[in-house]
Amino acid sequence: MALAEARPFLIGAAVLLGACLWLGWWIPSGLAALLLVGLLLFFRDPARQIPADPLALVSPADGKVICVDEAQDPAFGLGKFRRVGIFLSVLDVHVNRSPCDAVVEKTHYSAGEFLDARHLEVDLRNENQTWLLRSSRGPVLVRQIAGLIARRIVAWKKPSDQVRKGEHIGMIRFGSRTDLYVPSTCTVHVTVGQRVKGGETILASWPK
């Protein structure tokens with residue numbers, strides 16, 4: 001699915017590279033080649049080892065943890081959750097994954113600004129999409145937030161779809177933030193500044 005999102009960008013970069021080479025423009029050719037390589041890296045989708053522990057809630061994104069706190073449900077009025085915010089630079093994998101086995105109950109899209117994804121009010125002011133995932137143990141929210149460079153939030157699942165832990169649900173182009181909201185009874189296992197991998201790093205766990 002990431003490849004399908006990448007196709008128009010890759011074709012454009014390849015055409016640009018071919019044109020520069022045909023015209024003998026060597027410096028622009030080098031820049032076009034770098035652009036093509038950069039796009040291939042951005043849209044990469046590496047395989048991940050999904051933890052088998054049924055209590056584990058995995059990271060919905062690659063990146064760096066920039067907040068671990070409590071926050072109100074931003075879209076569905078479900079009250080206060082524990083939140084882990086993850087910043088994705090343009091160098092990170094941008095595929096978003098489900099943190100647990102669940103059913104996509106609802107999604108909520110909100111248009112907005114394109115502030116830097118590390119801005120204090122980014123979760124309130126930027127374009128975003130929130131997923132309500134209903135697991136057998138309780139509700140979990142995944143919030144995709146567009147950043148300064150990101151201009152499109154992509155969803156690959158829809159309400160009523162069942163998703164497995166670590167399964168792709170969407171992506172954000174290019175550079176962004178993804179937040180995970182879990183019930184207050186869950187234990188969070190990561191700290192601010194820690195690097196995490198989508199579908200692989202355990203961010204939190206359900207109570208036993």
# chains A, B, ... in the order shown; residues from 1 in each chain; ligands from 1
$ residues_around --residues "A:Ser136" --least-positions-apart "3" --cutoff "10 Å" --atoms "only C-alpha atoms" --output "count of residues only"
6
$ residues_around --residues "stretch 162-177 of chain A" --least-positions-apart "6" --cutoff "6 Å" --atoms "only C-alpha atoms" --output "list in words"
Ile86, Phe87, Leu88, Ser89, Val90, His94, Val95, Asn96, Arg97, Ser98, Pro99, Cys100, Asp101, Ala102, Val103, Ala117, Ile145, Ala146, Gly147, Ile149, Ala150, Arg152, Ile153, Val154, Ala155, Trp156 and Gly199 of chain A
$ atom_distance --atom1 "atom CA of A:Cys67" --atom2 "atom CA of A:Gly85"
5.0 Å
$ closest_residue --among "A:Leu132, A:Tyr109, A:Ala19, A:Arg48" --to "A:Gly77" --atoms "only C-alpha atoms"
A:Leu132
$ closest_residue --among "A:Ala56, A:Ala47, A:Val188, A:Val84" --to "A:Val68" --atoms "only C-alpha atoms"
A:Val84
$ atom_distance --atom1 "atom CA of A:Arg195" --atom2 "atom CA of A:Gly138"
26.2 Å
$ decode --residues "stretch 77-93 of chain A" --atoms "N, CA, C and O atoms" --output "PDB file, in the first residue's frame"
ATOM      1  N   GLY A  77     -15.218  12.083  22.883  1.00  0.00           N
ATOM      2  CA  GLY A  77     -15.807  12.343  24.196  1.00  0.00           C
ATOM      3  C   GLY A  77     -15.749  11.183  25.157  1.00  0.00           C
ATOM      4  O   GLY A  77     -16.656  11.002  25.992  1.00  0.00           O
ATOM      5  N   LEU A  78     -14.702  10.383  25.083  1.00  0.00           N
ATOM      6  CA  LEU A  78     -14.580   9.208  25.945  1.00  0.00           C
ATOM      7  C   LEU A  78     -13.831   9.484  27.247  1.00  0.00           C
ATOM      8  O   LEU A  78     -13.582   8.558  28.018  1.00  0.00           O
ATOM      9  N   GLY A  79     -13.455  10.739  27.470  1.00  0.00           N
ATOM     10  CA  GLY A  79     -12.795  11.069  28.723  1.00  0.00           C
ATOM     11  C   GLY A  79     -11.287  11.102  28.614  1.00  0.00           C
ATOM     12  O   GLY A  79     -10.717  11.295  27.544  1.00  0.00           O
ATOM     13  N   LYS A  80     -10.624  10.892  29.763  1.00  0.00           N
ATOM     14  CA  LYS A  80      -9.175  11.042  29.845  1.00  0.00           C
ATOM     15  C   LYS A  80      -8.464   9.721  29.563  1.00  0.00           C
ATOM     16  O   LYS A  80      -8.891   8.652  30.010  1.00  0.00           O
ATOM     17  N   PHE A  81      -7.373   9.823  28.807  1.00  0.00           N
ATOM     18  CA  PHE A  81      -6.541   8.669  28.450  1.00  0.00           C
ATOM     19  C   PHE A  81      -5.089   8.979  28.807  1.00  0.00           C
ATOM     20  O   PHE A  81      -4.716  10.132  29.021  1.00  0.00           O
ATOM     21  N   ARG A  82      -4.277   7.953  28.812  1.00  0.00           N
ATOM     22  CA  ARG A  82      -2.825   8.136  28.835  1.00  0.00           C
ATOM     23  C   ARG A  82      -2.370   8.254  27.382  1.00  0.00           C
ATOM     24  O   ARG A  82      -2.823   7.490  26.529  1.00  0.00           O
ATOM     25  N   ARG A  83      -1.496   9.223  27.120  1.00  0.00           N
ATOM     26  CA  ARG A  83      -1.093   9.513  25.742  1.00  0.00           C
ATOM     27  C   ARG A  83       0.414   9.379  25.573  1.00  0.00           C
ATOM     28  O   ARG A  83       1.180   9.823  26.423  1.00  0.00           O
ATOM     29  N   VAL A  84       0.797   8.764  24.444  1.00  0.00           N
ATOM     30  CA  VAL A  84       2.199   8.727  24.029  1.00  0.00           C
ATOM     31  C   VAL A  84       2.266   9.386  22.654  1.00  0.00           C
ATOM     32  O   VAL A  84       1.644   8.907  21.702  1.00  0.00           O
ATOM     33  N   GLY A  85       2.994  10.502  22.551  1.00  0.00           N
ATOM     34  CA  GLY A  85       3.135  11.221  21.284  1.00  0.00           C
ATOM     35  C   GLY A  85       4.454  10.875  20.616  1.00  0.00           C
ATOM     36  O   GLY A  85       5.506  10.848  21.267  1.00  0.00           O
ATOM     37  N   ILE A  86       4.407  10.596  19.320  1.00  0.00           N
ATOM     38  CA  ILE A  86       5.588  10.172  18.559  1.00  0.00           C
ATOM     39  C   ILE A  86       5.811  11.142  17.403  1.00  0.00           C
ATOM     40  O   ILE A  86       4.900  11.358  16.590  1.00  0.00           O
ATOM     41  N   PHE A  87       7.008  11.713  17.325  1.00  0.00           N
ATOM     42  CA  PHE A  87       7.362  12.596  16.208  1.00  0.00           C
ATOM     43  C   PHE A  87       8.060  11.796  15.124  1.00  0.00           C
ATOM     44  O   PHE A  87       9.008  11.054  15.397  1.00  0.00           O
ATOM     45  N   LEU A  88       7.589  11.950  13.876  1.00  0.00           N
ATOM     46  CA  LEU A  88       8.185  11.271  12.725  1.00  0.00           C
ATOM     47  C   LEU A  88       8.898  12.309  11.869  1.00  0.00           C
ATOM     48  O   LEU A  88       8.266  13.230  11.352  1.00  0.00           O
ATOM     49  N   SER A  89      10.189  12.173  11.730  1.00  0.00           N
ATOM     50  CA  SER A  89      10.922  13.043  10.814  1.00  0.00           C
ATOM     51  C   SER A  89      10.765  12.500   9.395  1.00  0.00           C
ATOM     52  O   SER A  89      10.245  11.394   9.197  1.00  0.00           O
ATOM     53  N   VAL A  90      11.242  13.246   8.411  1.00  0.00           N
ATOM     54  CA  VAL A  90      11.129  12.775   7.021  1.00  0.00           C
ATOM     55  C   VAL A  90      11.989  11.535   6.785  1.00  0.00           C
ATOM     56  O   VAL A  90      11.832  10.855   5.769  1.00  0.00           O
ATOM     57  N   LEU A  91      12.885  11.212   7.712  1.00  0.00           N
ATOM     58  CA  LEU A  91      13.750  10.038   7.551  1.00  0.00           C
ATOM     59  C   LEU A  91      13.132   8.771   8.134  1.00  0.00           C
ATOM     60  O   LEU A  91      13.653   7.679   7.924  1.00  0.00           O
ATOM     61  N   ASP A  92      12.040   8.908   8.873  1.00  0.00           N
ATOM     62  CA  ASP A  92      11.416   7.747   9.500  1.00  0.00           C
ATOM     63  C   ASP A  92      10.455   7.046   8.551  1.00  0.00           C
ATOM     64  O   ASP A  92       9.946   7.645   7.600  1.00  0.00           O
ATOM     65  N   VAL A  93      10.197   5.767   8.835  1.00  0.00           N
ATOM     66  CA  VAL A  93       9.134   5.036   8.141  1.00  0.00           C
ATOM     67  C   VAL A  93       7.809   5.693   8.502  1.00  0.00           C
ATOM     68  O   VAL A  93       7.547   5.967   9.676  1.00  0.00           O
TER      69      VAL A  93
END
